[in-house]
Amino acid sequence: MTALDLTKKAGFALAVATIVTVSVFPFYYAVITSFETGTALFEVNYLPQGFDFGNYLAVLGQQAFPRNVLNSVFIATATVGAALLLAVTAAYALSRVRFRGRGLLLMTILAVSMFPQIAVLSGLFEMVRFLGIFNTPWAMILSYTIFTLPFTVWVLTTFMRDLPVEIEEAAIVDGASPWVVITQVFLPLLWPAMVTTGLLAFIGAWNEFLFALTFTASETTRTVPVAIALLSGASQFETPWGTIMAASVIVTVPLIVLVLIFQRKIVAGLTAGGVKG
Amino acid sequence: MAHIQLHDIRKSYGAAEVIKGVDLEIRAGEFMVFVGPSGCGKSTLLRLISGLTSISSGELLFDGARMNSKVPSDRGIAMVFQSYALYPHMTVYENMAFGMKLAKAGKAAIRERVERAAEMLQIGHLLERLPRQLSGGQRQRVAIGRAICRDPRVFLFDEPLSNLDAALRVATRLEIAKLHHDMEKATMVYVTHDQVEAMTLADRICVLRDGKVEQVGTPADLYEKPNSTFVAGFIGSPKMNLLNGAIAAGHGCRTLGIRSEHIDITGEGAVWSGEVVHAEDLGSDTYLYVDIGAEEPVVVRREGRRAIALGETVGLRPRPENLHRFDAGGLPLH
């Protein structure tokens, strides 16, 4: 029996190790490569060969790159803010207000997320031009919000539907307007869902490439993924892998930090105790 | 303190009418209990009074002022829900202060009122706790405290004791009775499906059936003079014996009602006799189920615990002054 247990445990450990290796290895390799320069870049090695911060200095020394990082931070944050504000209010209506065509509306919202980006690209481009926001961060904020909202609305609607109706009714009796119900009663209970959806929206906006490439024209308005893709070497025949890897590591670390911070904030069972149970 | 009047109140959901024209007067300072089987519309009626559900037609007046289109918070009501409905992320203090805070009351005024309510309900030591750190009984007391803090004209209770266990239910029932006594000013409307709660708490009871008022009266009225077989069967525990067929015909009616305590076990002058098929010994009383040839055995209360063996045949004599006679429509004959 102990032998069997041991085999089981070993098998489990092996499976975990495989999954971790497969998912972490590309990033690990990027980190190692980012510390290498010159011809060392093209030698395959799996252990760090020394720490050369040359690539990082080169990336940060480029005039536009720090600006691109700021652009990305601003756009992703604004997208999350806009998406959550709209999604929370929409979710309240979709989960709590009875009106004709509610199911149809929900399905339509879901359908929006089925369009591939490329299909709506030209239409969006016209819209962006019409609004006069081409080559500004607002073009990205608008398009990312459009693509994030269906998911955010659906998750929050499902979550809000599960909140006890009596709590809302108690608040109404206490004199709360819908806005007060949402902000002072529901929001504190929705934190776990808000953090999760907000984080996913942030990651999506942070990593998006196609819209960012299409809706920007100058170096200073680019976001990080575009900037990295357009990094050029000494000559047009050289791909600067070292700086690309360094830039990639720089933009990935904030995401990892964000996830680690909010992971602890995702506290389940916050609603326990309000109603029976 | 509010005098509540309901004039031909109706509520429909689509084609289904749930409340079918209720006329009712609830006097100022009165403890009114709505009671009835599930689905009779008692909770809906309470929600119509609260304003959480809109009235389809009819008129609702508080002290003569029309309330139909007022929002709940403008009606001067407070509500205690079956599931407590406390705000889970707020402490007991914040829960009780929330309504006053929204009404923009001063900090000192809020503190004073919350502390007075907490003292009244003996939850002063819990003010800094979160709802999830409280027991069921404590949570319901906080919910009642939150209602008191609103200083309402009308208290509305929607089956507030249903989620509590039996012992706690009795204790909380006493507290609600005491609360009504202490707050002479407030009118209270209380919904329950438990007729014992109705009997023990109410100044007057309103029995509802299928969206209509069946009878309104004091507990004693309803107990002694039920004006339908439905009320007769619903009020009182154990329920009134309702006999049909030949036995009823012998008394010149369609249905004959007699309560268990109004039947004597006797050797001579017995009107009915039958075999004891079951006995429930409650210590103070014993309930005997006697098969006298009716559809169901007749329940007879006997004081004390003198045992009668199952299968024994006993003679029964109903007290003539306590017989209830009903016609074919379930209405009383006099």
# chains A, B, ... in the order shown; residues from 1 in each chain; ligands from 1

call {"tool": "residues_around", "arguments": {"residues": "range 86-89 of chain A", "least_positions_apart": "5", "cutoff": "9 Å", "atoms": "only C-alpha atoms", "output": "list in words"}}
result
Gly81, Leu94, Leu149, Pro150, Thr152, Val153, Trp154, Leu156, Thr157, Met160, Trp179, Ile182, Leu187 and Met194 of chain A

call {"tool": "select_by_dssp", "arguments": {"residues": "range 48-138 of chain B", "states": "helix (DSSP H, G or I)", "output": "PyMOL selection string"}}
result
chain B and resi 48-50+72-74+92-102+107-120+124-126+131-133+136-138

call {"tool": "residues_around", "arguments": {"residues": "Gln117 in chain A", "least_positions_apart": "4", "cutoff": "10 Å", "atoms": "only C-alpha atoms", "output": "list of chain:residue names"}}
result
A:Ser113, A:Leu121, A:Ser122, A:Leu124, A:Ser143, A:Phe147, A:Leu210, A:Phe211

call {"tool": "write_last_selection", "arguments": {"atoms": "N, CA, C and O atoms", "output": "compact mmCIF listing (two decimals), in the first residue's frame"}}
result
# COMPACT_ATOMS: atom_id res chain seq x y z
N SER A 113 -18.62 39.47 -28.48
CA SER A 113 -17.27 38.98 -28.20
C SER A 113 -16.85 37.87 -29.16
O SER A 113 -15.74 37.38 -29.11
N LEU A 121 -11.83 45.55 -37.52
CA LEU A 121 -10.73 46.50 -37.50
C LEU A 121 -11.00 47.73 -38.38
O LEU A 121 -10.87 48.87 -37.94
N SER A 122 -11.44 47.48 -39.63
CA SER A 122 -11.62 48.62 -40.54
C SER A 122 -12.77 49.51 -40.05
O SER A 122 -12.67 50.74 -40.10
N LEU A 124 -13.78 49.88 -36.98
CA LEU A 124 -13.30 50.61 -35.81
C LEU A 124 -12.39 51.76 -36.22
O LEU A 124 -12.45 52.85 -35.65
N SER A 143 -11.37 50.95 -28.00
CA SER A 143 -11.50 49.63 -28.62
C SER A 143 -11.32 48.50 -27.61
O SER A 143 -12.02 47.50 -27.67
N PHE A 147 -14.05 45.47 -26.44
CA PHE A 147 -13.78 44.03 -26.48
C PHE A 147 -13.78 43.37 -25.09
O PHE A 147 -13.96 42.18 -24.98
N LEU A 210 -2.79 44.21 -32.17
CA LEU A 210 -3.31 44.60 -33.48
C LEU A 210 -3.89 46.02 -33.49
O LEU A 210 -3.53 46.84 -34.33
N PHE A 211 -4.80 46.29 -32.53
CA PHE A 211 -5.41 47.62 -32.48
C PHE A 211 -4.34 48.69 -32.21
O PHE A 211 -4.35 49.75 -32.80

call {"tool": "residues_around", "arguments": {"residues": "Arg47 in chain B", "least_positions_apart": "6", "cutoff": "10 Å", "atoms": "only C-alpha atoms", "output": "list in words"}}
result
Gly41, Thr53, Ser54, Ile55, Pro72, Met79, Leu156 and Asp158 of chain B

call {"tool": "closest_residue", "arguments": {"among": "B:Ala2, B:Leu316, B:Leu208, B:Val114", "to": "Val191 in chain B", "atoms": "only C-alpha atoms"}}
result
B:Leu208

call {"tool": "interface_residues", "arguments": {"of": "chain B", "to": "chain A", "cutoff": "9 Å", "atoms": "only C-alpha atoms", "output": "VMD selection string"}}
result
chain B and resid 50 to 52 71 to 74 77 to 89 98 to 100 102 to 103 130 to 134 136 139 147 150 163

call {"tool": "closest_residue", "arguments": {"among": "B:Ile235, B:Met1, B:Ala309, B:Val314", "to": "Glu214 in chain B", "atoms": "only C-alpha atoms"}}
result
B:Ile235

call {"tool": "residues_around", "arguments": {"residues": "Leu199 in chain A", "least_positions_apart": "4", "cutoff": "8 Å", "atoms": "only C-alpha atoms", "output": "VMD selection string"}}
result
chain A and resid 80 195 203 258 to 259

call {"tool": "write_last_selection", "arguments": {"atoms": "N, CA and C atoms", "output": "mmCIF file, in the first residue's frame"}}
result
data_model
loop_
_atom_site.group_PDB
_atom_site.id
_atom_site.type_symbol
_atom_site.label_atom_id
_atom_site.label_comp_id
_atom_site.auth_asym_id
_atom_site.auth_seq_id
_atom_site.Cartn_x
_atom_site.Cartn_y
_atom_site.Cartn_z
ATOM 1 N N VAL A 80 -9.587 49.382 -17.728
ATOM 2 C CA VAL A 80 -10.162 48.659 -16.588
ATOM 3 C C VAL A 80 -11.200 49.529 -15.888
ATOM 4 N N VAL A 195 -12.099 42.139 -8.934
ATOM 5 C CA VAL A 195 -10.649 41.977 -9.020
ATOM 6 C C VAL A 195 -10.297 41.021 -10.150
ATOM 7 N N ILE A 203 -4.802 42.678 -18.206
ATOM 8 C CA ILE A 203 -3.832 41.856 -18.952
ATOM 9 C C ILE A 203 -4.130 41.916 -20.444
ATOM 10 N N LEU A 258 1.119 42.301 -10.130
ATOM 11 C CA LEU A 258 -0.311 42.578 -9.952
ATOM 12 C C LEU A 258 -1.062 41.327 -9.537
ATOM 13 N N VAL A 259 -0.801 40.239 -10.265
ATOM 14 C CA VAL A 259 -1.500 38.995 -9.954
ATOM 15 C C VAL A 259 -1.183 38.547 -8.534
#

call {"tool": "residues_around", "arguments": {"residues": "Asp285 in chain B", "least_positions_apart": "3", "cutoff": "12 Å", "atoms": "only C-alpha atoms", "output": "ChimeraX atom specification"}}
result
/B:238,260-261,279-282,288,300-307

call {"tool": "closest_residue", "arguments": {"among": "B:Ile263, B:Gly145, B:Glu112, B:Ser56", "to": "Ala15 in chain B", "atoms": "only C-alpha atoms"}}
result
B:Ser56

call {"tool": "residues_around", "arguments": {"residues": "Ile32 in chain A", "least_positions_apart": "5", "cutoff": "9 Å", "atoms": "only C-alpha atoms", "output": "PDB file with C-alpha atoms, in the first residue's frame"}}
result
ATOM      1  CA  PHE A  27       9.571  33.079 -19.889  1.00  0.00           C
ATOM      2  CA  ASN A  45      22.130  27.281 -22.977  1.00  0.00           C
ATOM      3  CA  TYR A  46      19.724  26.555 -20.203  1.00  0.00           C
ATOM      4  CA  LEU A  47      21.542  28.126 -17.286  1.00  0.00           C
ATOM      5  CA  PRO A  48      22.392  31.788 -16.792  1.00  0.00           C
ATOM      6  CA  GLN A  49      25.863  32.577 -18.153  1.00  0.00           C
ATOM      7  CA  GLY A  50      26.317  35.759 -16.129  1.00  0.00           C
ATOM      8  CA  PHE A  51      24.409  38.937 -15.570  1.00  0.00           C
ATOM      9  CA  MET A 245      13.957  39.989 -24.417  1.00  0.00           C
TER      10      MET A 245
END

call {"tool": "closest_residue", "arguments": {"among": "B:Pro320, B:Ala166, B:Glu296, B:Lys107", "to": "Val271 in chain B", "atoms": "only C-alpha atoms"}}
result
B:Pro320

call {"tool": "atom_distance", "arguments": {"atom1": "CA of Arg96 in chain A", "atom2": "CA of Leu46 in chain B"}}
result
20.7 Å

call {"tool": "closest_residue", "arguments": {"among": "A:Phe25, A:Leu200, A:Pro137, A:Ala3", "to": "Asn71 in chain A", "atoms": "only C-alpha atoms"}}
result
A:Pro137

call {"tool": "atom_distance", "arguments": {"atom1": "CA of Thr77 in chain A", "atom2": "CA of Thr223 in chain A"}}
result
12.9 Å

call {"tool": "atom_distance", "arguments": {"atom1": "CA of Pro226 in chain B", "atom2": "CA of Arg325 in chain B"}}
result
10.3 Å

call {"tool": "closest_residue", "arguments": {"among": "B:Asp210, B:Phe155, B:Ala294, B:Val299", "to": "Glu184 in chain B", "atoms": "only C-alpha atoms"}}
result
B:Phe155

call {"tool": "decode", "arguments": {"residues": "range 220-234 of chain B", "atoms": "all heavy atoms", "output": "CSV table (one decimal), in the first residue's frame"}}
result
chain,number,residue,atom,x,y,z
B,220,ALA,N,-59.0,35.5,20.1
B,220,ALA,CA,-60.1,34.9,20.8
B,220,ALA,C,-61.3,34.8,19.9
B,220,ALA,O,-62.0,33.7,19.8
B,220,ALA,CB,-60.5,35.6,22.1
B,221,ASP,N,-61.6,35.9,19.1
B,221,ASP,CA,-62.7,35.8,18.1
B,221,ASP,C,-62.5,34.7,17.2
B,221,ASP,O,-63.5,33.9,16.9
B,221,ASP,CB,-62.7,37.1,17.3
B,221,ASP,CG,-63.4,38.2,18.0
B,221,ASP,OD1,-64.1,38.0,19.0
B,221,ASP,OD2,-63.3,39.4,17.5
B,222,LEU,N,-61.3,34.6,16.6
B,222,LEU,CA,-61.1,33.6,15.6
B,222,LEU,C,-61.2,32.2,16.1
B,222,LEU,O,-61.6,31.3,15.5
B,222,LEU,CB,-59.7,33.8,14.9
B,222,LEU,CG,-59.6,34.7,13.7
B,222,LEU,CD1,-60.2,36.0,13.9
B,222,LEU,CD2,-58.2,34.8,13.2
B,223,TYR,N,-60.7,32.1,17.4
B,223,TYR,CA,-60.7,30.8,18.0
B,223,TYR,C,-62.1,30.3,18.3
B,223,TYR,O,-62.5,29.2,18.1
B,223,TYR,CB,-59.9,30.8,19.3
B,223,TYR,CG,-59.5,29.5,19.8
B,223,TYR,CD1,-58.5,28.7,19.2
B,223,TYR,CD2,-60.2,29.0,20.9
B,223,TYR,CE1,-58.2,27.5,19.8
B,223,TYR,CE2,-59.9,27.7,21.4
B,223,TYR,CZ,-58.9,27.0,20.8
B,223,TYR,OH,-58.6,25.7,21.3
B,224,GLU,N,-62.9,31.3,18.9
B,224,GLU,CA,-64.2,30.9,19.4
B,224,GLU,C,-65.3,31.1,18.3
B,224,GLU,O,-66.3,30.3,18.3
B,224,GLU,CB,-64.6,31.8,20.6
B,224,GLU,CG,-63.8,31.4,21.8
B,224,GLU,CD,-63.9,32.4,22.9
B,224,GLU,OE1,-64.6,33.4,22.8
B,224,GLU,OE2,-63.1,32.3,23.9
B,225,LYS,N,-65.1,32.0,17.4
B,225,LYS,CA,-66.2,32.2,16.4
B,225,LYS,C,-65.6,32.3,15.0
B,225,LYS,O,-65.7,33.3,14.3
B,225,LYS,CB,-66.9,33.5,16.7
B,225,LYS,CG,-67.9,33.4,17.8
B,225,LYS,CD,-68.5,34.7,18.2
B,225,LYS,CE,-67.9,35.3,19.4
B,225,LYS,NZ,-67.9,36.7,19.7
B,226,PRO,N,-65.0,31.2,14.6
B,226,PRO,CA,-64.5,31.2,13.2
B,226,PRO,C,-65.7,31.3,12.2
B,226,PRO,O,-66.7,30.7,12.4
B,226,PRO,CB,-63.8,29.8,13.1
B,226,PRO,CG,-64.5,28.9,14.1
B,226,PRO,CD,-64.9,29.9,15.2
B,227,ASN,N,-65.5,32.2,11.2
B,227,ASN,CA,-66.7,32.3,10.3
B,227,ASN,C,-66.5,31.5,9.0
B,227,ASN,O,-67.1,31.8,8.0
B,227,ASN,CB,-67.0,33.8,10.1
B,227,ASN,CG,-65.9,34.5,9.4
B,227,ASN,OD1,-65.0,33.9,9.0
B,227,ASN,ND2,-66.1,35.8,9.3
B,228,SER,N,-65.6,30.5,9.1
B,228,SER,CA,-65.6,29.6,8.0
B,228,SER,C,-64.9,28.3,8.4
B,228,SER,O,-64.2,28.3,9.4
B,228,SER,CB,-64.9,30.1,6.7
B,228,SER,OG,-63.5,30.3,7.0
B,229,THR,N,-65.1,27.2,7.7
B,229,THR,CA,-64.5,26.0,8.1
B,229,THR,C,-63.0,26.1,7.9
B,229,THR,O,-62.2,25.5,8.6
B,229,THR,CB,-64.9,24.8,7.2
B,229,THR,OG1,-64.9,25.2,5.8
B,229,THR,CG2,-66.3,24.4,7.6
B,230,PHE,N,-62.5,27.0,6.9
B,230,PHE,CA,-61.1,27.2,6.7
B,230,PHE,C,-60.4,27.8,7.9
B,230,PHE,O,-59.4,27.3,8.4
B,230,PHE,CB,-60.9,28.1,5.5
B,230,PHE,CG,-59.5,28.4,5.2
B,230,PHE,CD1,-58.7,27.5,4.6
B,230,PHE,CD2,-58.9,29.6,5.6
B,230,PHE,CE1,-57.4,27.8,4.3
B,230,PHE,CE2,-57.6,29.9,5.4
B,230,PHE,CZ,-56.8,29.0,4.7
B,231,VAL,N,-61.0,28.9,8.5
B,231,VAL,CA,-60.5,29.5,9.7
B,231,VAL,C,-60.5,28.5,10.8
B,231,VAL,O,-59.6,28.4,11.6
B,231,VAL,CB,-61.2,30.8,10.0
B,231,VAL,CG1,-60.7,31.4,11.3
B,231,VAL,CG2,-61.1,31.8,8.9
B,232,ALA,N,-61.7,27.8,11.0
B,232,ALA,CA,-61.8,26.8,12.0
B,232,ALA,C,-60.7,25.8,12.0
B,232,ALA,O,-60.1,25.4,13.0
B,232,ALA,CB,-63.2,26.2,11.9
B,233,GLY,N,-60.4,25.3,10.8
B,233,GLY,CA,-59.3,24.3,10.7
B,233,GLY,C,-57.9,24.9,10.8
B,233,GLY,O,-57.0,24.2,11.2
B,234,PHE,N,-57.8,26.2,10.5
B,234,PHE,CA,-56.4,26.8,10.5
B,234,PHE,C,-56.0,27.3,11.9
B,234,PHE,O,-54.8,27.1,12.2
B,234,PHE,CB,-56.4,27.9,9.5
B,234,PHE,CG,-55.0,28.3,9.1
B,234,PHE,CD1,-54.3,27.5,8.2
B,234,PHE,CD2,-54.4,29.4,9.7
B,234,PHE,CE1,-53.0,27.8,7.9
B,234,PHE,CE2,-53.1,29.7,9.4
B,234,PHE,CZ,-52.4,28.9,8.5
